[in-house]
$ cat my_file22.cif   # mmCIF, C-alpha atoms
data_structure
loop_
_atom_site.group_PDB
_atom_site.id
_atom_site.type_symbol
_atom_site.label_atom_id
_atom_site.label_comp_id
_atom_site.auth_asym_id
_atom_site.auth_seq_id
_atom_site.Cartn_x
_atom_site.Cartn_y
_atom_site.Cartn_z
ATOM 1 C CA MET O 1 -141.161 -114.245 -164.408
ATOM 2 C CA THR O 2 -141.426 -113.107 -160.802
ATOM 3 C CA THR O 3 -144.147 -110.581 -160.106
ATOM 4 C CA ALA O 4 -142.887 -107.348 -158.574
ATOM 5 C CA THR O 5 -143.937 -106.751 -155.003
ATOM 6 C CA THR O 6 -145.074 -103.176 -155.400
ATOM 7 C CA ASP O 7 -147.785 -101.243 -153.636
ATOM 8 C CA PRO O 8 -150.526 -100.371 -156.186
ATOM 9 C CA ARG O 9 -151.384 -97.184 -154.314
ATOM 10 C CA PRO O 10 -149.529 -94.122 -155.684
ATOM 11 C CA ALA O 11 -147.128 -92.532 -153.226
ATOM 12 C CA PRO O 12 -147.606 -88.819 -152.580
ATOM 13 C CA ALA O 13 -145.420 -86.583 -154.714
ATOM 14 C CA ARG O 14 -142.285 -85.133 -153.152
ATOM 15 C CA ASP O 15 -140.640 -81.802 -153.933
ATOM 16 C CA VAL O 16 -137.180 -83.004 -154.902
ATOM 17 C CA LEU O 17 -135.983 -79.410 -155.236
ATOM 18 C CA ASP O 18 -136.704 -78.861 -151.558
ATOM 19 C CA GLU O 19 -135.186 -82.056 -150.135
ATOM 20 C CA VAL O 20 -131.682 -83.024 -149.054
ATOM 21 C CA PHE O 21 -130.701 -86.558 -150.101
ATOM 22 C CA ASP O 22 -128.094 -88.910 -148.699
ATOM 23 C CA ALA O 23 -127.301 -90.297 -152.169
ATOM 24 C CA VAL O 24 -128.381 -90.364 -155.822
ATOM 25 C CA LEU O 25 -129.086 -93.689 -157.531
ATOM 26 C CA PHE O 26 -128.780 -93.476 -161.329
ATOM 27 C CA ASP O 27 -130.221 -95.839 -163.880
ATOM 28 C CA MET O 28 -127.715 -96.281 -166.722
ATOM 29 C CA ASP O 29 -129.202 -96.923 -170.194
ATOM 30 C CA GLY O 30 -131.349 -93.990 -171.254
ATOM 31 C CA THR O 31 -130.268 -91.986 -168.215
ATOM 32 C CA LEU O 32 -126.473 -91.715 -168.331
ATOM 33 C CA ILE O 33 -125.863 -93.258 -171.758
ATOM 34 C CA SER O 34 -127.862 -94.106 -174.870
ATOM 35 C CA SER O 35 -127.442 -97.606 -176.301
ATOM 36 C CA THR O 36 -130.696 -97.783 -178.274
ATOM 37 C CA ARG O 37 -129.134 -98.526 -181.664
ATOM 38 C CA SER O 38 -127.005 -101.338 -180.283
ATOM 39 C CA VAL O 39 -129.965 -102.821 -178.420
ATOM 40 C CA GLU O 40 -132.141 -102.779 -181.542
ATOM 41 C CA ARG O 41 -129.452 -104.440 -183.689
ATOM 42 C CA CYS O 42 -128.706 -107.148 -181.162
ATOM 43 C CA TRP O 43 -132.281 -108.061 -180.295
ATOM 44 C CA LEU O 44 -133.343 -108.171 -183.945
ATOM 45 C CA ARG O 45 -130.445 -110.529 -184.638
ATOM 46 C CA LEU O 46 -131.426 -112.646 -181.636
ATOM 47 C CA ALA O 47 -135.013 -112.774 -182.894
ATOM 48 C CA GLY O 48 -133.814 -114.113 -186.229
ATOM 49 C CA GLU O 49 -131.638 -116.752 -184.610
ATOM 50 C CA PHE O 50 -134.287 -117.971 -182.151
ATOM 51 C CA GLY O 51 -137.428 -117.499 -184.238
ATOM 52 C CA MET O 52 -138.889 -114.769 -182.061
ATOM 53 C CA PRO O 53 -141.577 -112.429 -183.480
ATOM 54 C CA THR O 54 -140.031 -109.040 -184.210
ATOM 55 C CA ASP O 55 -143.313 -107.183 -183.660
ATOM 56 C CA ASP O 56 -142.795 -107.827 -179.929
ATOM 57 C CA LEU O 57 -139.443 -106.029 -179.957
ATOM 58 C CA SER O 58 -140.467 -102.380 -179.845
ATOM 59 C CA PRO O 59 -137.445 -100.468 -178.455
ATOM 60 C CA PHE O 60 -139.604 -99.036 -175.668
ATOM 61 C CA ARG O 61 -141.900 -101.909 -174.792
ATOM 62 C CA TYR O 62 -139.458 -103.645 -172.457
ATOM 63 C CA HIS O 63 -137.140 -100.719 -171.741
ATOM 64 C CA GLY O 64 -135.591 -100.898 -168.292
ATOM 65 C CA VAL O 65 -136.482 -104.579 -167.716
ATOM 66 C CA PRO O 66 -133.730 -107.221 -167.320
ATOM 67 C CA ALA O 67 -133.059 -109.337 -170.416
ATOM 68 C CA ARG O 68 -133.771 -112.565 -168.546
ATOM 69 C CA ASP O 69 -137.293 -111.340 -167.711
ATOM 70 C CA ILE O 70 -137.897 -110.211 -171.300
ATOM 71 C CA LEU O 71 -136.888 -113.632 -172.579
ATOM 72 C CA ASP O 72 -139.106 -115.358 -170.019
ATOM 73 C CA LEU O 73 -141.998 -113.514 -171.686
ATOM 74 C CA LEU O 74 -140.947 -113.796 -175.338
ATOM 75 C CA LEU O 75 -139.886 -117.449 -175.046
ATOM 76 C CA ALA O 76 -142.526 -118.580 -172.581
ATOM 77 C CA ASP O 77 -143.248 -121.625 -174.755
ATOM 78 C CA ARG O 78 -139.586 -122.764 -174.761
ATOM 79 C CA ASP O 79 -137.822 -124.773 -172.075
ATOM 80 C CA ALA O 80 -135.456 -123.307 -169.500
ATOM 81 C CA ALA O 81 -132.359 -124.479 -171.377
ATOM 82 C CA GLU O 82 -133.353 -122.629 -174.559
ATOM 83 C CA ARG O 83 -134.174 -119.456 -172.627
ATOM 84 C CA ALA O 84 -130.781 -119.674 -170.922
ATOM 85 C CA SER O 85 -129.118 -120.124 -174.310
ATOM 86 C CA ALA O 86 -130.926 -117.067 -175.690
ATOM 87 C CA LEU O 87 -129.861 -115.003 -172.679
ATOM 88 C CA ALA O 88 -126.214 -116.001 -173.086
ATOM 89 C CA ARG O 89 -126.405 -115.198 -176.797
ATOM 90 C CA VAL O 90 -127.913 -111.731 -176.417
ATOM 91 C CA VAL O 91 -125.339 -110.876 -173.748
ATOM 92 C CA GLU O 92 -122.554 -111.897 -176.165
ATOM 93 C CA LEU O 93 -124.106 -109.837 -178.945
ATOM 94 C CA GLU O 94 -124.536 -106.717 -176.817
ATOM 95 C CA VAL O 95 -121.118 -106.926 -175.153
ATOM 96 C CA SER O 96 -119.446 -107.097 -178.576
ATOM 97 C CA ASP O 97 -121.610 -104.379 -180.173
ATOM 98 C CA THR O 98 -120.941 -101.004 -178.539
ATOM 99 C CA GLU O 99 -121.002 -98.968 -181.758
ATOM 100 C CA GLY O 100 -123.092 -95.821 -181.480
ATOM 101 C CA ILE O 101 -123.308 -95.804 -177.687
ATOM 102 C CA GLU O 102 -123.034 -92.239 -176.416
ATOM 103 C CA VAL O 103 -123.070 -90.310 -173.173
ATOM 104 C CA LEU O 104 -126.271 -88.333 -172.627
ATOM 105 C CA PRO O 105 -126.317 -84.582 -171.879
ATOM 106 C CA GLY O 106 -125.451 -83.639 -168.323
ATOM 107 C CA ALA O 107 -124.387 -87.159 -167.283
ATOM 108 C CA VAL O 108 -120.668 -86.489 -166.868
ATOM 109 C CA GLU O 109 -121.325 -83.254 -164.999
ATOM 110 C CA ALA O 110 -123.818 -84.935 -162.675
ATOM 111 C CA LEU O 111 -121.429 -87.739 -161.808
ATOM 112 C CA ALA O 112 -118.535 -85.321 -161.353
ATOM 113 C CA ALA O 113 -120.575 -83.201 -158.948
ATOM 114 C CA LEU O 114 -121.211 -86.288 -156.822
ATOM 115 C CA GLY O 115 -117.594 -87.361 -156.741
ATOM 116 C CA GLY O 116 -117.220 -89.224 -160.036
ATOM 117 C CA SER O 117 -115.084 -92.312 -160.408
ATOM 118 C CA GLY O 118 -113.069 -92.908 -157.276
ATOM 119 C CA GLY O 119 -114.723 -89.976 -155.525
ATOM 120 C CA ASP O 120 -117.115 -89.862 -152.597
ATOM 121 C CA ALA O 121 -118.409 -93.428 -152.848
ATOM 122 C CA GLY O 122 -121.289 -92.751 -150.496
ATOM 123 C CA ARG O 123 -123.060 -90.172 -152.654
ATOM 124 C CA ALA O 124 -123.849 -92.040 -155.895
ATOM 125 C CA ALA O 125 -124.437 -95.461 -157.414
ATOM 126 C CA VAL O 126 -125.491 -96.862 -160.763
ATOM 127 C CA VAL O 127 -128.420 -99.301 -160.644
ATOM 128 C CA THR O 128 -128.883 -100.939 -164.036
ATOM 129 C CA SER O 129 -131.055 -103.706 -165.463
ATOM 130 C CA CYS O 130 -128.243 -105.130 -167.572
ATOM 131 C CA GLY O 131 -125.762 -107.700 -166.316
ATOM 132 C CA ALA O 132 -122.278 -106.993 -164.970
ATOM 133 C CA ARG O 133 -120.402 -107.830 -168.202
ATOM 134 C CA LEU O 134 -122.632 -105.659 -170.323
ATOM 135 C CA ALA O 135 -122.586 -102.780 -167.849
ATOM 136 C CA ALA O 136 -118.787 -102.853 -167.780
ATOM 137 C CA ALA O 137 -118.597 -102.982 -171.589
ATOM 138 C CA ARG O 138 -120.883 -99.997 -172.066
ATOM 139 C CA ILE O 139 -119.227 -97.930 -169.344
ATOM 140 C CA ALA O 140 -115.818 -98.631 -170.908
ATOM 141 C CA ALA O 141 -117.033 -97.902 -174.449
ATOM 142 C CA VAL O 142 -117.786 -94.276 -173.597
ATOM 143 C CA ALA O 143 -115.279 -93.849 -170.733
ATOM 144 C CA LEU O 144 -118.141 -92.940 -168.424
ATOM 145 C CA PRO O 145 -116.827 -91.785 -165.013
ATOM 146 C CA ALA O 146 -119.140 -94.173 -163.196
ATOM 147 C CA PRO O 147 -119.141 -94.304 -159.399
ATOM 148 C CA ALA O 148 -117.507 -97.230 -157.627
ATOM 149 C CA THR O 149 -120.872 -98.743 -156.697
ATOM 150 C CA VAL O 150 -122.669 -100.394 -159.627
ATOM 151 C CA VAL O 151 -125.623 -102.727 -159.015
ATOM 152 C CA THR O 152 -126.577 -104.933 -161.977
ATOM 153 C CA ALA O 153 -129.169 -107.576 -162.771
ATOM 154 C CA ASP O 154 -126.643 -110.168 -161.599
ATOM 155 C CA ASP O 155 -126.797 -108.757 -158.070
ATOM 156 C CA VAL O 156 -130.549 -109.149 -157.499
ATOM 157 C CA GLU O 157 -133.160 -111.874 -157.723
ATOM 158 C CA ARG O 158 -135.950 -109.573 -158.916
ATOM 159 C CA GLY O 159 -135.314 -106.822 -161.437
ATOM 160 C CA LYS O 160 -137.142 -103.573 -162.064
ATOM 161 C CA PRO O 161 -140.033 -102.775 -161.584
ATOM 162 C CA ASP O 162 -139.500 -104.649 -158.315
ATOM 163 C CA PRO O 163 -137.988 -102.391 -155.608
ATOM 164 C CA GLU O 164 -135.101 -104.785 -154.928
ATOM 165 C CA PRO O 165 -132.530 -103.137 -157.270
ATOM 166 C CA TYR O 166 -132.821 -99.674 -155.729
ATOM 167 C CA ARG O 167 -132.931 -101.073 -152.214
ATOM 168 C CA ALA O 168 -129.726 -102.951 -153.040
ATOM 169 C CA GLY O 169 -128.104 -99.767 -154.344
ATOM 170 C CA ALA O 170 -128.891 -97.888 -151.143
ATOM 171 C CA ASP O 171 -127.709 -100.823 -149.023
ATOM 172 C CA ARG O 172 -124.381 -100.902 -150.872
ATOM 173 C CA LEU O 173 -123.893 -97.230 -150.034
ATOM 174 C CA GLY O 174 -124.955 -97.736 -146.427
ATOM 175 C CA VAL O 175 -127.861 -95.285 -146.653
ATOM 176 C CA ASP O 176 -131.633 -95.406 -146.239
ATOM 177 C CA VAL O 177 -133.275 -95.738 -149.659
ATOM 178 C CA ARG O 178 -136.040 -93.412 -148.448
ATOM 179 C CA ARG O 179 -133.411 -90.667 -148.252
ATOM 180 C CA CYS O 180 -132.222 -91.308 -151.818
ATOM 181 C CA LEU O 181 -133.080 -89.769 -155.168
ATOM 182 C CA VAL O 182 -133.556 -92.201 -158.064
ATOM 183 C CA VAL O 183 -132.886 -90.871 -161.584
ATOM 184 C CA GLU O 184 -134.696 -92.817 -164.317
ATOM 185 C CA ASP O 185 -135.994 -92.672 -167.884
ATOM 186 C CA ALA O 186 -138.207 -95.779 -167.889
ATOM 187 C CA GLU O 187 -141.560 -96.522 -166.307
ATOM 188 C CA SER O 188 -140.296 -99.817 -164.904
ATOM 189 C CA GLY O 189 -137.450 -98.010 -163.145
ATOM 190 C CA ILE O 190 -139.692 -95.262 -161.805
ATOM 191 C CA ARG O 191 -142.017 -97.890 -160.349
ATOM 192 C CA SER O 192 -139.004 -99.631 -158.814
ATOM 193 C CA GLY O 193 -137.740 -96.450 -157.189
ATOM 194 C CA ARG O 194 -141.137 -95.388 -155.905
ATOM 195 C CA ALA O 195 -141.856 -98.849 -154.496
ATOM 196 C CA ALA O 196 -138.499 -98.773 -152.711
ATOM 197 C CA GLY O 197 -139.503 -95.523 -151.033
ATOM 198 C CA ALA O 198 -137.140 -93.168 -152.881
ATOM 199 C CA ALA O 199 -137.935 -89.853 -154.534
ATOM 200 C CA VAL O 200 -137.755 -90.073 -158.338
ATOM 201 C CA LEU O 201 -136.449 -87.673 -160.968
ATOM 202 C CA ALA O 202 -137.497 -88.766 -164.470
ATOM 203 C CA LEU O 203 -135.914 -87.850 -167.809
ATOM 204 C CA ARG O 204 -137.447 -87.472 -171.269
ATOM 205 C CA THR O 205 -134.344 -88.941 -172.901
ATOM 206 C CA THR O 206 -136.080 -92.048 -174.231
ATOM 207 C CA GLU O 207 -139.648 -90.891 -174.820
ATOM 208 C CA ALA O 208 -140.407 -87.281 -175.710
ATOM 209 C CA GLU O 209 -143.526 -87.123 -173.565
ATOM 210 C CA GLY O 210 -141.647 -88.597 -170.623
ATOM 211 C CA PRO O 211 -142.116 -91.950 -168.896
ATOM 212 C CA GLY O 212 -145.164 -92.880 -166.886
ATOM 213 C CA GLY O 213 -145.021 -94.291 -163.410
ATOM 214 C CA GLY O 214 -145.533 -91.227 -161.251
ATOM 215 C CA ALA O 215 -142.169 -89.478 -160.985
ATOM 216 C CA ASP O 216 -141.851 -86.553 -158.575
ATOM 217 C CA LEU O 217 -140.167 -84.318 -161.164
ATOM 218 C CA VAL O 218 -139.697 -84.732 -164.941
ATOM 219 C CA VAL O 219 -137.023 -82.871 -166.963
ATOM 220 C CA ASP O 220 -135.575 -83.264 -170.460
ATOM 221 C CA ASP O 221 -132.207 -84.679 -169.384
ATOM 222 C CA LEU O 222 -129.565 -84.312 -166.698
ATOM 223 C CA SER O 223 -128.356 -81.011 -168.133
ATOM 224 C CA ALA O 224 -131.606 -79.482 -166.823
ATOM 225 C CA VAL O 225 -130.500 -79.954 -163.191
ATOM 226 C CA ARG O 226 -127.358 -79.672 -161.108
ATOM 227 C CA PHE O 227 -126.342 -81.461 -157.942
ATOM 228 C CA GLU O 228 -124.793 -79.708 -154.974
ATOM 229 C CA VAL O 229 -123.013 -81.719 -152.276
ATOM 230 C CA THR O 230 -123.121 -80.092 -148.854
ATOM 231 C CA GLY O 231 -122.343 -81.217 -145.353
ATOM 232 C CA ALA O 232 -126.016 -82.164 -144.965
ATOM 233 C CA GLY O 233 -126.207 -84.177 -148.167
ATOM 234 C CA VAL O 234 -127.114 -83.690 -151.847
ATOM 235 C CA ARG O 235 -129.400 -80.951 -153.114
ATOM 236 C CA VAL O 236 -130.957 -80.784 -156.578
ATOM 237 C CA ARG O 237 -131.245 -77.441 -158.348
ATOM 238 C CA ARG O 238 -132.566 -76.448 -161.743
ATOM 239 C CA ALA O 239 -129.694 -75.593 -164.053
#
$ encode --input "my_file22.cif" --output "structure tokens"
Amino acid sequence: MTTATTDPRPAPARDVLDEVFDAVLFDMDGTLISSTRSVERCWLRLAGEFGMPTDDLSPFRYHGVPARDILDLLLADRDAAERASALARVVELEVSDTEGIEVLPGAVEALAALGGSGGDAGRAAVVTSCGARLAAARIAAVALPAPATVVTADDVERGKPDPEPYRAGADRLGVDVRRCLVVEDAESGIRSGRAAGAAVLALRTTEAEGPGGGADLVVDDLSAVRFEVTGAGVRVRRA
């Protein structure tokens, strides 16, 4: 597993309610949608098929980390071919199991405010740790009005907590990542956004106490804020 190239020094906090952003970069699972039940079912089945210890499969332990990196850790004693087989299998399981996936509070409104599907493509992107097939399956399962720009684990060499995913999202939109707001629910994603130079809004949608990682602002979910698009950019307000 590649080590993330992050600066260990904490960045100074930013007042996201006082800034104007060029774009908003949303994580997907745990931020816009909840797929926890599907993830638990699929990974427990994978563990049974590949003889993986289930005590290592806490739903939060690896949250926000690409599946390939999780398997590199859990199957470190297996050869590359078996790890590749496990990755292909868990993708198949998760793509076919979308039962119980739901849109989280405030997600549709947030995306609509930023243009929604087919809207202002320069204002929002989804940056997810799952692969392209799985992202498409989950977005379709709940008819999420996702923006046109979606960056997945298939688009980067190093996943979260490395800064590459959020840098890629900003690059796709043609904006400076330092003028972006990252919205996350997982520590790995917060670290990714901060290391990329973005401001970070964190949600308590996955863990009641909120994720670690040093977010600039923490709220319960996206219904706690609203986005306003102006000629200067995007502003964040408390709802």
$ residues_around --input "my_file22.cif" --residues "Asp29 of chain O" --least-positions-apart "5" --cutoff "10 Å" --atoms "all atoms listed in the file" --output "ChimeraX atom specification"
/O:34-36,63-64,101-104,127-130,135,138,184-186,205-206
$ atom_distance --input "my_file22.cif" --atom1 "atom CA of Asp155 of chain O" --atom2 "atom CA of Ala136 of chain O"
13.9 Å
$ resolve_selection --input "my_file22.cif" --expression "the PyMOL selection byres ((chain O and resi 236) around 8)" --output "ChimeraX atom specification"
/O:16-20,225-228,234-235,237-238
$ closest_residue --input "my_file22.cif" --among "O:Ala153, O:Ala170, O:Val39, O:Val218" --to "Gly100 of chain O" --atoms "only C-alpha atoms"
O:Val39
$ residues_around --input "my_file22.cif" --residues "Ser96 of chain O" --least-positions-apart "3" --cutoff "10 Å" --atoms "all atoms listed in the file" --output "list in words"
Ser38, Cys42, Val90, Val91, Glu92, Leu93, Glu99, Leu134, Ala137 and Arg138 of chain O
$ closest_residue --input "my_file22.cif" --among "O:Pro147, O:Gly197, O:Pro211, O:Pro105" --to "Tyr166 of chain O" --atoms "only C-alpha atoms"
O:Gly197
$ residues_around --input "my_file22.cif" --residues "segment 173-175 of chain O" --least-positions-apart "3" --cutoff "10 Å" --atoms "all atoms listed in the file" --output "ChimeraX atom specification"
/O:21-23,25,121-125,148-149,167-170,178-180
$ residues_around --input "my_file22.cif" --residues "Leu217 of chain O" --least-positions-apart "6" --cutoff "7 Å" --atoms "all atoms listed in the file" --output "list of chain:residue names"
O:Val200, O:Leu201, O:Ala202
$ residues_near_point --input "my_file22.cif" --point "(-118.6, -88.3, -163.8)" --cutoff "12 Å" --atoms "all atoms listed in the file" --output "number ranges by chain"
O: 26, 32-33, 103-120, 124-126, 139, 142-148, 227
$ closest_residue --input "my_file22.cif" --among "O:Leu222, O:Val95, O:Leu87, O:Ala215" --to "Pro66 of chain O" --atoms "all atoms listed in the file"
O:Leu87
$ closest_residue --input "my_file22.cif" --among "O:Ala132, O:Ala13, O:Val24, O:Met52" --to "Gly213 of chain O" --atoms "only C-alpha atoms"
O:Ala13
$ atom_distance --input "my_file22.cif" --atom1 "atom CA of Met28 of chain O" --atom2 "atom CA of Ala208 of chain O"
18.0 Å
$ atom_distance --input "my_file22.cif" --atom1 "atom CA of Leu46 of chain O" --atom2 "atom CA of Arg68 of chain O"
13.3 Å
$ residues_around --input "my_file22.cif" --residues "Val156 of chain O" --least-positions-apart "4" --cutoff "8 Å" --atoms "all atoms listed in the file" --output "list in words"
Thr152, Glu164, Pro165 and Ala168 of chain O
